[in-house]
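Worksheet for the structure shown next.
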Amino acid sequence: MKRQAWVVINSLIVLVCLIVLWQAIVTFNNLPPYIMPGPGIVAAALRDRFPSLLNSFWITTEEAAGGLVASIIAGIAVSMIFAQWSWLRQLVCPYTILLQTVPIVAIAPLIINWIGAGILAVTAVTFIICLAPIIANTTQGLISVDENLLHLFMMHKATPAQVLFKLRFPNALPNLFTGIRISSGISVIGGITGELFAGSTRVGEGGLGYAIIYANNQMETGYMFALVFAATVLGFSFFFIVMFCEWLALHNWHESKRTRTSE
Amino acid sequence: MVTVPEIALDTVGKRYRDGTVALEGISLTIQRGEFVTLLGPSGCGKSTLLRLVSGLSEATEGSVRVNGMIPENARQLVSFIFQDATLMPWRTVEQNVGLSLELEHAARPLRKERVDQMLELVRLSQVAQSYPRQLSGGMKMRVSIARALVSRPRILLMDEPFAALDEMTRDRMNEELLRLRAEQKWTVLFVTHSVAEAVFLSTRIVILAAHPGRVAHEIVVDLPWPRTAETRESETFEEMVTRASRLLRGVQRA
């Protein structure tokens, strides 16, 4: 407990040092606020425009979370199909890599053309970039089960569904969470990238990506910094929520979540 | 009355698709209640033989019968115990032991009763709710044995089950296994690399030669029952071990 307190105190000290350094750079170089606002100006922008920032924050949260959840559901389904029919996996799996190599910046305008600007289009962009890590990791976990356990299931005449849900899926849980962790980070990027193209998703308002472009055009650099911080906070929150779920699901049995030695 | 042997192999051969001959001309009859151990150098097809009897793999020549049936139809009589405990880490000890009953959709109260019984038998009742990672190697193996016994098999196939354990634990597990067998009277087909273990456990030892795997010698172990830790100190025990070791060395040299 004492050690943990020290870690927190130390990180806070580092944070304070960084803020002081930031202010020092701005002051000594005489940087104008529209190029590089100091921490005070950013804090003021954060305070003055908090309601609209919060609004943007929630819109992006909705899109990123929606895309992430959809990609988890679809990713698990696809991985299970891959695990069940290996010939299909060998046939199709290489193309899932395409999902990862496709430059999302190039695809986003296309998707918006097809679906129409709005929350749905941005969610779709998020969904596409989140899908590949989940499929890749989950499939790996589903197919790498202990051969002896598989034999045990066969000897007891287990049905394919029993093998899938009682053996392969629990075995793949750690991999699934690795995939979700990767995707949770990029889901926020997906949301913001989508918004850069989709523009305002409701009349007069939009997510963080939209607000960043808007603030940039208005030379409101202080508010822009505040928005970038908000995006970072969003990414962090996703990551920690996923970490917590992972701990919840695995801490009882998985080696990586081991909290005490017991042998 | 002619009794059907528990396991009957008649000139069994196993050739893999790449042409490797794993087993050739194996004839072996095991009566109910026997404890037969397969000893032999690596590559003599001991594990392959177990897989043929379990029905996980099919012989390419000859016939395998388990209680007069083809192995696939006799699966409910047979339980397999692997070299590693191969427990499912996400399940508690209790859930691991109950696996086979669960797969066969046994009713929950029956499952609970049988699992409790088994855990008591292997003296693990106090860790029923623990996860495998919290157990020692010997305890994991006992869970694995309980899992195999819960479906009340008549035949146990054991593929070097204690190879990963230290010698003291292994000796204790051997004694435990014999204690359980005295109560449950299964027929056992056991694979090991340890001559002492083979002599201690078996009623009969079959020594296999390699490339291709075939029966080289059979030794009837007539040590008195019940066998305990003291059995290992007896002169007859040491004589048997020496004899079996010599035969095994002969096979390895050839």
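Every chain in the structure tokens has a letter given in the order shown (A, B, ...), and although residue numbers restart at 1 in each chain, ligands are simply numbered from 1 in the order shown.
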
Subject >> Proximal residues of chain B relative to chain A (only C-alpha atoms; 10 Å) as a ChimeraX atom specification >> reply: /B:51,54-56,72,74-76,78-92,99-104,130-137,148,151

Subject >> Selection near A:Ser56, 7 Å with only C-alpha atoms, sequence-local residues under 3 positions removed, as a list in words >> reply: Ser52, Leu53, Ile59, Thr60, Gly206, Gly207 and Leu208 of chain A

Original post:
Among stretch 31-246 of chain B, which residues carry a DSSP assignment of strand (DSSP E), reported as a VMD selection string?
Top reply: chain B and resid 35 to 39 61 to 66 78 to 81 155 to 159 187 to 191 204 to 209 214 to 220

Just write the chosen residues, C-alpha atoms, as a CSV table (one decimal), in the first residue's frame.
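Output file part-v7.csv follows:
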chain,number,residue,atom,x,y,z
B,35,PHE,CA,-2.2,-54.3,-14.6
B,36,VAL,CA,0.0,-54.4,-17.7
B,37,THR,CA,2.9,-52.0,-18.2
B,38,LEU,CA,4.5,-51.3,-21.5
B,39,LEU,CA,8.2,-50.6,-21.3
B,61,GLU,CA,-3.5,-54.0,-39.7
B,62,GLY,CA,-4.9,-56.6,-37.4
B,63,SER,CA,-7.7,-56.1,-35.0
B,64,VAL,CA,-8.1,-54.3,-31.6
B,65,ARG,CA,-11.0,-55.3,-29.4
B,66,VAL,CA,-12.0,-53.8,-26.1
B,78,VAL,CA,-12.2,-46.5,-21.0
B,79,SER,CA,-10.5,-43.5,-19.4
B,80,PHE,CA,-7.3,-42.0,-20.5
B,81,ILE,CA,-4.7,-40.3,-18.2
B,155,ILE,CA,-10.2,-49.8,-18.1
B,156,LEU,CA,-7.6,-47.1,-17.5
B,157,LEU,CA,-5.0,-46.2,-20.1
B,158,MET,CA,-2.2,-44.3,-18.6
B,159,ASP,CA,0.5,-42.6,-20.7
B,187,THR,CA,-7.8,-53.1,-15.8
B,188,VAL,CA,-4.8,-50.9,-16.5
B,189,LEU,CA,-2.6,-50.5,-19.5
B,190,PHE,CA,0.2,-48.3,-18.3
B,191,VAL,CA,3.2,-46.7,-20.1
B,204,ARG,CA,2.7,-58.1,-16.1
B,205,ILE,CA,5.4,-56.1,-18.0
B,206,VAL,CA,5.5,-56.1,-21.7
B,207,ILE,CA,8.9,-55.0,-23.2
B,208,LEU,CA,8.6,-53.5,-26.6
B,209,ALA,CA,11.4,-53.1,-29.2
B,214,ARG,CA,6.9,-55.0,-31.5
B,215,VAL,CA,6.7,-57.2,-28.5
B,216,ALA,CA,10.1,-58.4,-27.4
B,217,HIS,CA,9.6,-59.9,-23.9
B,218,GLU,CA,6.9,-60.5,-21.4
B,219,ILE,CA,7.6,-60.7,-17.6
B,220,VAL,CA,5.0,-61.8,-15.1

Distance query A:Ser71 at most 8 Å, only C-alpha atoms, self and fewer than 6 positions along chain excluded, as a compact mmCIF listing (two decimals) with N, CA and C atoms, in the first residue's frame:
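What ended up in out18.txt:
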# COMPACT_ATOMS: atom_id res chain seq x y z
N PHE A 127 -15.37 0.49 -36.40
CA PHE A 127 -15.58 -0.95 -36.48
C PHE A 127 -14.52 -1.60 -37.38
N ILE A 128 -14.30 -0.98 -38.53
CA ILE A 128 -13.38 -1.58 -39.51
C ILE A 128 -11.95 -1.65 -38.96
N CYS A 130 -11.05 -1.70 -35.85
CA CYS A 130 -10.96 -2.51 -34.61
C CYS A 130 -11.03 -4.01 -34.88
N LEU A 131 -11.55 -4.38 -36.02
CA LEU A 131 -11.88 -5.78 -36.27
C LEU A 131 -10.66 -6.70 -36.35
N ILE A 134 -8.85 -8.16 -33.23
CA ILE A 134 -9.68 -9.10 -32.48
C ILE A 134 -9.75 -10.44 -33.18

Subject >> For atom CA of A:Ala65 and atom CA of A:Asn217, the interatomic separation in Å (one decimal) >> reply: 27.6 Å

**OP:** Write down as a PyMOL selection string the residues belonging to stretch 97-230 of chain B that are assigned helix (DSSP H, G or I) by DSSP computed on the backbone.
**Re:** chain B and resi 97+99-103+108-121+125-127+132-134+137-149+167-184+195-201+229-230

Save the residues we just selected, C-alpha atoms, as an mmCIF file, in the first residue's frame?
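Writing done, so here's out01.cif:
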data_model
loop_
_atom_site.group_PDB
_atom_site.id
_atom_site.type_symbol
_atom_site.label_atom_id
_atom_site.label_comp_id
_atom_site.auth_asym_id
_atom_site.auth_seq_id
_atom_site.Cartn_x
_atom_site.Cartn_y
_atom_site.Cartn_z
ATOM 1 C CA VAL B 97 -13.234 -33.528 -12.274
ATOM 2 C CA LEU B 99 -16.009 -32.697 -17.038
ATOM 3 C CA SER B 100 -16.960 -36.068 -18.489
ATOM 4 C CA LEU B 101 -20.278 -36.164 -16.625
ATOM 5 C CA GLU B 102 -21.012 -32.663 -17.833
ATOM 6 C CA LEU B 103 -20.285 -33.595 -21.442
ATOM 7 C CA ARG B 108 -26.459 -31.894 -11.577
ATOM 8 C CA PRO B 109 -27.122 -33.687 -8.247
ATOM 9 C CA LEU B 110 -25.624 -36.904 -9.590
ATOM 10 C CA ARG B 111 -22.645 -34.987 -10.895
ATOM 11 C CA LYS B 112 -22.080 -33.308 -7.569
ATOM 12 C CA GLU B 113 -22.344 -36.584 -5.687
ATOM 13 C CA ARG B 114 -19.914 -38.442 -7.935
ATOM 14 C CA VAL B 115 -17.426 -35.576 -8.026
ATOM 15 C CA ASP B 116 -17.440 -35.286 -4.238
ATOM 16 C CA GLN B 117 -16.917 -39.006 -3.994
ATOM 17 C CA MET B 118 -13.941 -38.894 -6.354
ATOM 18 C CA LEU B 119 -12.352 -35.931 -4.603
ATOM 19 C CA GLU B 120 -12.635 -37.760 -1.335
ATOM 20 C CA LEU B 121 -11.094 -40.823 -2.919
ATOM 21 C CA SER B 125 -11.955 -32.483 -0.975
ATOM 22 C CA GLN B 126 -10.410 -29.486 0.743
ATOM 23 C CA VAL B 127 -9.271 -27.929 -2.550
ATOM 24 C CA PRO B 132 -5.260 -25.708 -10.941
ATOM 25 C CA ARG B 133 -2.585 -23.018 -10.711
ATOM 26 C CA GLN B 134 -2.914 -23.109 -6.938
ATOM 27 C CA GLY B 137 2.307 -31.064 -9.452
ATOM 28 C CA GLY B 138 1.253 -34.115 -7.460
ATOM 29 C CA MET B 139 -2.117 -32.625 -6.580
ATOM 30 C CA LYS B 140 -2.773 -31.748 -10.228
ATOM 31 C CA MET B 141 -2.079 -35.335 -11.174
ATOM 32 C CA ARG B 142 -4.513 -36.549 -8.532
ATOM 33 C CA VAL B 143 -7.158 -34.245 -9.987
ATOM 34 C CA SER B 144 -6.417 -35.736 -13.379
ATOM 35 C CA ILE B 145 -6.884 -39.229 -11.962
ATOM 36 C CA ALA B 146 -10.133 -38.234 -10.268
ATOM 37 C CA ARG B 147 -11.353 -36.818 -13.591
ATOM 38 C CA ALA B 148 -10.600 -40.132 -15.267
ATOM 39 C CA LEU B 149 -12.309 -42.178 -12.556
ATOM 40 C CA GLU B 167 10.772 -39.297 -7.456
ATOM 41 C CA MET B 168 9.288 -39.051 -3.978
ATOM 42 C CA THR B 169 5.975 -37.764 -5.253
ATOM 43 C CA ARG B 170 6.014 -40.415 -7.940
ATOM 44 C CA ASP B 171 6.489 -43.197 -5.389
ATOM 45 C CA ARG B 172 3.656 -41.828 -3.303
ATOM 46 C CA MET B 173 1.407 -41.574 -6.356
ATOM 47 C CA ASN B 174 2.230 -45.181 -7.238
ATOM 48 C CA GLU B 175 1.149 -46.354 -3.812
ATOM 49 C CA GLU B 176 -1.978 -44.258 -4.054
ATOM 50 C CA LEU B 177 -2.803 -45.716 -7.455
ATOM 51 C CA LEU B 178 -2.568 -49.257 -6.112
ATOM 52 C CA ARG B 179 -4.738 -48.324 -3.144
ATOM 53 C CA LEU B 180 -7.421 -47.019 -5.517
ATOM 54 C CA ARG B 181 -7.123 -50.062 -7.745
ATOM 55 C CA ALA B 182 -7.656 -52.353 -4.780
ATOM 56 C CA GLU B 183 -11.003 -50.636 -4.277
ATOM 57 C CA GLN B 184 -12.103 -50.270 -7.872
ATOM 58 C CA VAL B 195 11.595 -49.932 -14.673
ATOM 59 C CA ALA B 196 11.110 -49.654 -10.900
ATOM 60 C CA GLU B 197 7.709 -48.098 -11.381
ATOM 61 C CA ALA B 198 6.735 -50.847 -13.821
ATOM 62 C CA VAL B 199 7.766 -53.607 -11.429
ATOM 63 C CA PHE B 200 6.062 -51.995 -8.461
ATOM 64 C CA LEU B 201 2.713 -51.505 -10.175
ATOM 65 C CA ALA B 229 6.658 -48.811 0.335
ATOM 66 C CA GLU B 230 8.297 -51.847 1.986
#

**OP:** Would you mind reading off the distance between atom CA of B:Gln129 and atom CA of B:Lys185, one decimal, in Å?
**Re:**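 According to the coordinates, atom CA of B:Gln129 and atom CA of B:Lys185 are separated by 28.8 Å.
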
**OP:** Tell me which of A:Ile129, A:Ile180, A:Val7, A:Met80 sits closest to A:Pro103, counting only C-alpha atoms.
**Re:** A:Ile129

Original post:
Could you pull the residues within 8 Å of A:Pro33, counting only C-alpha atoms, minus those fewer than 5 positions along the same chain, as an MDAnalysis selection string?
Top reply: chainID A and resid 38 41 221:222

Please dump the current selection as a compact mmCIF listing (two decimals), in the first residue's frame; keep N, CA and C atoms.
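Dumped to result.txt:
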# COMPACT_ATOMS: atom_id res chain seq x y z
N GLY A 38 -0.01 28.42 -23.27
CA GLY A 38 0.52 27.88 -22.02
C GLY A 38 -0.54 27.09 -21.28
N ILE A 41 -3.76 29.01 -20.23
CA ILE A 41 -4.75 29.30 -21.28
C ILE A 41 -5.57 28.06 -21.60
N THR A 221 -6.44 27.75 -30.38
CA THR A 221 -5.47 26.71 -30.09
C THR A 221 -5.58 26.19 -28.66
N GLY A 222 -5.93 27.09 -27.74
CA GLY A 222 -6.10 26.67 -26.35
C GLY A 222 -7.17 25.60 -26.21

**OP:** For A:Phe240, please output as a ChimeraX atom specification all residues within 12 Å (counting only C-alpha atoms; exclusion window: fewer than 3 positions along the same chain).
**Re:** /A:180-182,184-185,233-237,243-247

Residues from last step as file, N, CA and C atoms, as a CSV table (one decimal), in the first residue's frame:
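The resulting file, again_37.csv, is reproduced below:
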chain,number,residue,atom,x,y,z
A,180,ILE,N,-8.8,-7.1,-27.7
A,180,ILE,CA,-9.7,-6.0,-27.3
A,180,ILE,C,-8.9,-4.8,-26.8
A,181,ARG,N,-7.8,-5.1,-26.0
A,181,ARG,CA,-7.0,-4.1,-25.5
A,181,ARG,C,-6.3,-3.2,-26.6
A,182,ILE,N,-5.8,-3.9,-27.6
A,182,ILE,CA,-5.3,-3.2,-28.8
A,182,ILE,C,-6.4,-2.4,-29.5
A,184,SER,N,-9.2,-1.3,-28.3
A,184,SER,CA,-9.7,-0.2,-27.5
A,184,SER,C,-8.9,1.1,-27.7
A,185,GLY,N,-7.6,1.0,-27.9
A,185,GLY,CA,-6.8,2.1,-28.1
A,185,GLY,C,-7.1,2.7,-29.5
A,233,VAL,N,-7.8,11.3,-22.6
A,233,VAL,CA,-8.5,10.8,-21.4
A,233,VAL,C,-9.5,9.7,-21.9
A,234,LEU,N,-10.1,9.9,-23.0
A,234,LEU,CA,-11.1,8.9,-23.5
A,234,LEU,C,-10.3,7.6,-23.8
A,235,GLY,N,-9.2,7.7,-24.5
A,235,GLY,CA,-8.4,6.5,-24.8
A,235,GLY,C,-8.0,5.7,-23.6
A,236,PHE,N,-7.5,6.5,-22.6
A,236,PHE,CA,-7.1,5.9,-21.3
A,236,PHE,C,-8.3,5.2,-20.6
A,237,SER,N,-9.4,5.9,-20.6
A,237,SER,CA,-10.6,5.3,-19.9
A,237,SER,C,-11.0,3.9,-20.6
A,243,MET,N,-9.0,-3.3,-19.2
A,243,MET,CA,-8.1,-4.0,-18.3
A,243,MET,C,-8.9,-4.5,-17.1
A,244,PHE,N,-9.9,-3.7,-16.6
A,244,PHE,CA,-10.7,-4.2,-15.5
A,244,PHE,C,-11.5,-5.4,-15.9
A,245,CYS,N,-12.1,-5.4,-17.0
A,245,CYS,CA,-12.9,-6.5,-17.5
A,245,CYS,C,-12.0,-7.8,-17.6
A,246,GLU,N,-10.8,-7.5,-18.1
A,246,GLU,CA,-9.9,-8.6,-18.3
A,246,GLU,C,-9.5,-9.2,-16.9
A,247,TRP,N,-9.3,-8.4,-16.0
A,247,TRP,CA,-8.9,-8.8,-14.6
A,247,TRP,C,-10.1,-9.6,-14.0
